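Below: the structure, in structure tokens.
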Amino acid sequence: MILVVGTIVLQFNSYKQALFVLAPIPLSLIGVFFGLTLTGSALSFPSLIGLVALFGIVINNSIVLIDKINVNRRTGMNIHDSIIDASKSRFEPIFLTSFTTIMGNIPLALVSGTWQPLAITLVAGLTTSGFLSLLIIPILYKLAVKEDTVS
């Protein structure tokens with residue numbers, strides 16, 4: 001975890017933006033625990049493997065969105081327009097990544113077996129984090145980043 005956070009800080013040259021990247025992780029846990037509770041599955045080793053995969057996808061989605069906001073700001077866009085443009089242009093890649101992972105894991109989530117908690121973790125976590133990260137990250141960015149600073 002320390003290596004992941006360190007890499008993100010080095011990539012963005014900002015502790016704030018590293019926190020923006022990591023912010024959707026707790027949001028995805030809302031969906032994970034709701035999905036596991038709804039299906040009666042336990043938090044087991046396969047679900048922990050699913051959490052690791054989920055965190056990787058969620059962090060990747062966050063990096064894609066924040067990087068686009070930073071690129072827009074470097075080209076001279078104001079913060080509001082850069083956030084709106086990044087959210088519009090990165091919605092499709094984020095949605096498709098989440099959608100294909102969800103659809104690929106639904107058959108595994110519907111059968112009972114050893115790997116069902118892994119699939120439930122991915123499906124429920126991506127369902128909530130995909131929506132919430134596209135909502136929360138732009139809000140956090142707008143609230144925390146000053147207009148005149150460009151990363």
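The way I read the labels, and the way they are meant: chains A, B, ... in the order of the structure tokens, residue 1 as the first residue of every chain, and ligand 1 as the first ligand shown, with later ones counted on from there.
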DSSP-assigned helix (DSSP H, G or I) among range 2-51 of chain A, expressed as a PyMOL selection string: chain A and resi 2-12+15-22+24-39+45-51
File of the preceding selection, C-alpha atoms, as a PDB file, in the first residue's frame:
```pdb
ATOM      1  CA  ILE A   2       2.870   2.348   0.803  1.00  0.00           C
ATOM      2  CA  LEU A   3       4.405   1.693  -2.620  1.00  0.00           C
ATOM      3  CA  VAL A   4       1.088   2.410  -4.347  1.00  0.00           C
ATOM      4  CA  VAL A   5       0.599   5.688  -2.471  1.00  0.00           C
ATOM      5  CA  GLY A   6       4.233   6.654  -3.060  1.00  0.00           C
ATOM      6  CA  THR A   7       3.913   5.986  -6.772  1.00  0.00           C
ATOM      7  CA  ILE A   8       0.745   8.059  -7.001  1.00  0.00           C
ATOM      8  CA  VAL A   9       2.367  10.951  -5.112  1.00  0.00           C
ATOM      9  CA  LEU A  10       5.368  10.832  -7.467  1.00  0.00           C
ATOM     10  CA  GLN A  11       3.129  10.675 -10.529  1.00  0.00           C
ATOM     11  CA  PHE A  12       1.064  13.718  -9.588  1.00  0.00           C
ATOM     12  CA  TYR A  15      -0.262  14.683  -1.772  1.00  0.00           C
ATOM     13  CA  LYS A  16      -3.687  16.225  -2.307  1.00  0.00           C
ATOM     14  CA  GLN A  17      -4.148  14.617  -5.680  1.00  0.00           C
ATOM     15  CA  ALA A  18      -2.957  11.292  -4.299  1.00  0.00           C
ATOM     16  CA  LEU A  19      -5.769  11.552  -1.760  1.00  0.00           C
ATOM     17  CA  PHE A  20      -8.214  12.288  -4.586  1.00  0.00           C
ATOM     18  CA  VAL A  21      -7.073   9.089  -6.303  1.00  0.00           C
ATOM     19  CA  LEU A  22      -7.561   7.063  -3.130  1.00  0.00           C
ATOM     20  CA  PRO A  24     -13.107   6.240  -4.058  1.00  0.00           C
ATOM     21  CA  ILE A  25     -11.719   3.223  -2.182  1.00  0.00           C
ATOM     22  CA  PRO A  26     -13.926   3.727   0.892  1.00  0.00           C
ATOM     23  CA  LEU A  27     -16.835   4.466  -1.452  1.00  0.00           C
ATOM     24  CA  SER A  28     -16.348   1.104  -3.129  1.00  0.00           C
ATOM     25  CA  LEU A  29     -16.377  -0.608   0.275  1.00  0.00           C
ATOM     26  CA  ILE A  30     -19.948   0.614   0.764  1.00  0.00           C
ATOM     27  CA  GLY A  31     -21.026  -1.445  -2.223  1.00  0.00           C
ATOM     28  CA  VAL A  32     -18.854  -4.422  -1.297  1.00  0.00           C
ATOM     29  CA  PHE A  33     -20.294  -4.827   2.182  1.00  0.00           C
ATOM     30  CA  PHE A  34     -23.817  -4.166   0.948  1.00  0.00           C
ATOM     31  CA  GLY A  35     -23.420  -6.803  -1.799  1.00  0.00           C
ATOM     32  CA  LEU A  36     -21.906  -9.398   0.513  1.00  0.00           C
ATOM     33  CA  THR A  37     -24.640  -8.802   3.103  1.00  0.00           C
ATOM     34  CA  LEU A  38     -27.413  -8.897   0.500  1.00  0.00           C
ATOM     35  CA  THR A  39     -26.240 -12.241  -0.881  1.00  0.00           C
ATOM     36  CA  PHE A  45     -10.132 -15.039   1.178  1.00  0.00           C
ATOM     37  CA  PRO A  46     -11.699 -14.944  -2.319  1.00  0.00           C
ATOM     38  CA  SER A  47     -13.531 -11.732  -1.433  1.00  0.00           C
ATOM     39  CA  LEU A  48     -10.240 -10.229  -0.234  1.00  0.00           C
ATOM     40  CA  ILE A  49      -8.695 -11.127  -3.590  1.00  0.00           C
ATOM     41  CA  GLY A  50     -11.678  -9.370  -5.164  1.00  0.00           C
ATOM     42  CA  LEU A  51     -10.978  -6.321  -2.990  1.00  0.00           C
TER      43      LEU A  51
END
```
Identify which of the residues A:Ala53, A:Ala23, A:Ser133, A:Leu43 lies closest to Phe95 in chain A, counting only C-alpha atoms when measuring atom-to-atom distances.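 Smallest separation from Phe95 in chain A among the options: A:Ser133.
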Within 12 Å of Asp67 in chain A using only C-alpha atoms, minus same-chain residues under 3 positions, as a VMD selection string: chain A and resid 8 11 to 13 17 to 18 20 to 21 59 to 64 70 to 74 82 to 83 85 to 87 89 to 90 137 to 138 141 150 to 151
Generate a file of the selected residues that holds N, CA and C atoms, formatted as a PDB file, in the first residue's frame.
```
ATOM      1  N   ILE A   8       1.762   7.070  -6.623  1.00  0.00           N
ATOM      2  CA  ILE A   8       0.745   8.059  -7.001  1.00  0.00           C
ATOM      3  C   ILE A   8       1.223   9.469  -6.661  1.00  0.00           C
ATOM      4  N   GLN A  11       3.737  10.443  -9.223  1.00  0.00           N
ATOM      5  CA  GLN A  11       3.129  10.675 -10.529  1.00  0.00           C
ATOM      6  C   GLN A  11       2.491  12.052 -10.613  1.00  0.00           C
ATOM      7  N   PHE A  12       1.795  12.453  -9.564  1.00  0.00           N
ATOM      8  CA  PHE A  12       1.064  13.718  -9.588  1.00  0.00           C
ATOM      9  C   PHE A  12       1.803  14.867  -8.907  1.00  0.00           C
ATOM     10  N   ASN A  13       2.928  14.576  -8.237  1.00  0.00           N
ATOM     11  CA  ASN A  13       3.677  15.591  -7.496  1.00  0.00           C
ATOM     12  C   ASN A  13       2.798  16.343  -6.510  1.00  0.00           C
ATOM     13  N   GLN A  17      -3.625  15.381  -4.556  1.00  0.00           N
ATOM     14  CA  GLN A  17      -4.148  14.617  -5.680  1.00  0.00           C
ATOM     15  C   GLN A  17      -4.037  13.120  -5.442  1.00  0.00           C
ATOM     16  N   ALA A  18      -3.043  12.705  -4.681  1.00  0.00           N
ATOM     17  CA  ALA A  18      -2.957  11.292  -4.299  1.00  0.00           C
ATOM     18  C   ALA A  18      -4.152  10.907  -3.432  1.00  0.00           C
ATOM     19  N   PHE A  20      -7.075  12.334  -3.665  1.00  0.00           N
ATOM     20  CA  PHE A  20      -8.214  12.288  -4.586  1.00  0.00           C
ATOM     21  C   PHE A  20      -8.286  10.928  -5.272  1.00  0.00           C
ATOM     22  N   VAL A  21      -7.123  10.392  -5.638  1.00  0.00           N
ATOM     23  CA  VAL A  21      -7.073   9.089  -6.303  1.00  0.00           C
ATOM     24  C   VAL A  21      -7.558   7.994  -5.359  1.00  0.00           C
ATOM     25  N   ILE A  59      -8.626   2.678  -8.475  1.00  0.00           N
ATOM     26  CA  ILE A  59      -7.494   3.607  -8.527  1.00  0.00           C
ATOM     27  C   ILE A  59      -7.188   3.983  -9.967  1.00  0.00           C
ATOM     28  N   ASN A  60      -7.243   3.021 -10.873  1.00  0.00           N
ATOM     29  CA  ASN A  60      -7.007   3.317 -12.282  1.00  0.00           C
ATOM     30  C   ASN A  60      -8.036   4.310 -12.812  1.00  0.00           C
ATOM     31  N   ASN A  61      -9.305   4.110 -12.474  1.00  0.00           N
ATOM     32  CA  ASN A  61     -10.343   5.040 -12.908  1.00  0.00           C
ATOM     33  C   ASN A  61     -10.093   6.444 -12.373  1.00  0.00           C
ATOM     34  N   SER A  62      -9.667   6.535 -11.137  1.00  0.00           N
ATOM     35  CA  SER A  62      -9.388   7.837 -10.529  1.00  0.00           C
ATOM     36  C   SER A  62      -8.204   8.520 -11.204  1.00  0.00           C
ATOM     37  N   ILE A  63      -7.173   7.749 -11.485  1.00  0.00           N
ATOM     38  CA  ILE A  63      -5.990   8.308 -12.144  1.00  0.00           C
ATOM     39  C   ILE A  63      -6.358   8.847 -13.523  1.00  0.00           C
ATOM     40  N   VAL A  64      -7.165   8.099 -14.259  1.00  0.00           N
ATOM     41  CA  VAL A  64      -7.578   8.534 -15.593  1.00  0.00           C
ATOM     42  C   VAL A  64      -8.309   9.872 -15.519  1.00  0.00           C
ATOM     43  N   ASN A  70      -5.888  17.502 -14.955  1.00  0.00           N
ATOM     44  CA  ASN A  70      -4.593  18.188 -14.932  1.00  0.00           C
ATOM     45  C   ASN A  70      -4.134  18.581 -16.335  1.00  0.00           C
ATOM     46  N   VAL A  71      -4.342  17.709 -17.303  1.00  0.00           N
ATOM     47  CA  VAL A  71      -3.971  18.031 -18.689  1.00  0.00           C
ATOM     48  C   VAL A  71      -4.776  19.228 -19.172  1.00  0.00           C
ATOM     49  N   ASN A  72      -6.070  19.234 -18.886  1.00  0.00           N
ATOM     50  CA  ASN A  72      -6.911  20.368 -19.284  1.00  0.00           C
ATOM     51  C   ASN A  72      -6.433  21.661 -18.642  1.00  0.00           C
ATOM     52  N   ARG A  73      -6.065  21.592 -17.379  1.00  0.00           N
ATOM     53  CA  ARG A  73      -5.622  22.800 -16.681  1.00  0.00           C
ATOM     54  C   ARG A  73      -4.289  23.292 -17.217  1.00  0.00           C
ATOM     55  N   ARG A  74      -3.413  22.376 -17.616  1.00  0.00           N
ATOM     56  CA  ARG A  74      -2.127  22.788 -18.188  1.00  0.00           C
ATOM     57  C   ARG A  74      -2.307  23.482 -19.536  1.00  0.00           C
ATOM     58  N   SER A  82     -12.333  22.539 -16.913  1.00  0.00           N
ATOM     59  CA  SER A  82     -11.477  21.356 -17.023  1.00  0.00           C
ATOM     60  C   SER A  82     -12.096  20.152 -16.324  1.00  0.00           C
ATOM     61  N   ILE A  83     -12.782  20.386 -15.207  1.00  0.00           N
ATOM     62  CA  ILE A  83     -13.446  19.287 -14.495  1.00  0.00           C
ATOM     63  C   ILE A  83     -14.616  18.752 -15.314  1.00  0.00           C
ATOM     64  N   ASP A  85     -15.072  19.003 -18.623  1.00  0.00           N
ATOM     65  CA  ASP A  85     -14.571  18.337 -19.820  1.00  0.00           C
ATOM     66  C   ASP A  85     -13.987  16.963 -19.492  1.00  0.00           C
ATOM     67  N   ALA A  86     -13.217  16.880 -18.404  1.00  0.00           N
ATOM     68  CA  ALA A  86     -12.621  15.597 -18.017  1.00  0.00           C
ATOM     69  C   ALA A  86     -13.703  14.593 -17.646  1.00  0.00           C
ATOM     70  N   SER A  87     -14.716  15.044 -16.926  1.00  0.00           N
ATOM     71  CA  SER A  87     -15.795  14.132 -16.533  1.00  0.00           C
ATOM     72  C   SER A  87     -16.557  13.621 -17.747  1.00  0.00           C
ATOM     73  N   SER A  89     -15.369  13.493 -20.967  1.00  0.00           N
ATOM     74  CA  SER A  89     -14.525  12.699 -21.869  1.00  0.00           C
ATOM     75  C   SER A  89     -14.056  11.387 -21.256  1.00  0.00           C
ATOM     76  N   ARG A  90     -13.983  11.313 -19.940  1.00  0.00           N
ATOM     77  CA  ARG A  90     -13.530  10.079 -19.288  1.00  0.00           C
ATOM     78  C   ARG A  90     -14.673   9.223 -18.756  1.00  0.00           C
ATOM     79  N   ILE A 137     -14.960  12.671  -6.915  1.00  0.00           N
ATOM     80  CA  ILE A 137     -13.632  13.169  -7.287  1.00  0.00           C
ATOM     81  C   ILE A 137     -13.702  14.595  -7.841  1.00  0.00           C
ATOM     82  N   PRO A 138     -14.597  14.895  -8.785  1.00  0.00           N
ATOM     83  CA  PRO A 138     -14.670  16.291  -9.251  1.00  0.00           C
ATOM     84  C   PRO A 138     -15.035  17.280  -8.147  1.00  0.00           C
ATOM     85  N   TYR A 141     -11.928  17.744  -5.991  1.00  0.00           N
ATOM     86  CA  TYR A 141     -10.934  18.509  -6.742  1.00  0.00           C
ATOM     87  C   TYR A 141     -11.298  19.980  -6.744  1.00  0.00           C
ATOM     88  N   VAL A 150      -1.576  25.085 -10.959  1.00  0.00           N
ATOM     89  CA  VAL A 150      -1.662  24.014 -11.944  1.00  0.00           C
ATOM     90  C   VAL A 150      -0.591  22.997 -11.627  1.00  0.00           C
ATOM     91  N   SER A 151      -0.962  21.739 -11.540  1.00  0.00           N
ATOM     92  CA  SER A 151       0.002  20.684 -11.215  1.00  0.00           C
ATOM     93  C   SER A 151       0.816  20.330 -12.421  1.00  0.00           C
TER      94      SER A 151
END
```
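For the choices A:Leu96, A:Met103, A:Ala119, A:Leu65, the atom-to-atom distance to Ser44 in chain A is smallest for A:Ala119 when using only C-alpha atoms.
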Given the choices A:Asn78, A:Gln116, A:Thr121, A:Thr128, which gets closest to Lys142 in chain A if the distance is worked out from only C-alpha atoms?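 Comparing A:Asn78, A:Gln116, A:Thr121, A:Thr128 against Lys142 in chain A, the winner is A:Asn78.
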Between CA of Ser98 in chain A and CA of Leu126 in chain A, measure the distance and give it in Å to one decimal.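 These two atoms are separated by 6.0 Å.
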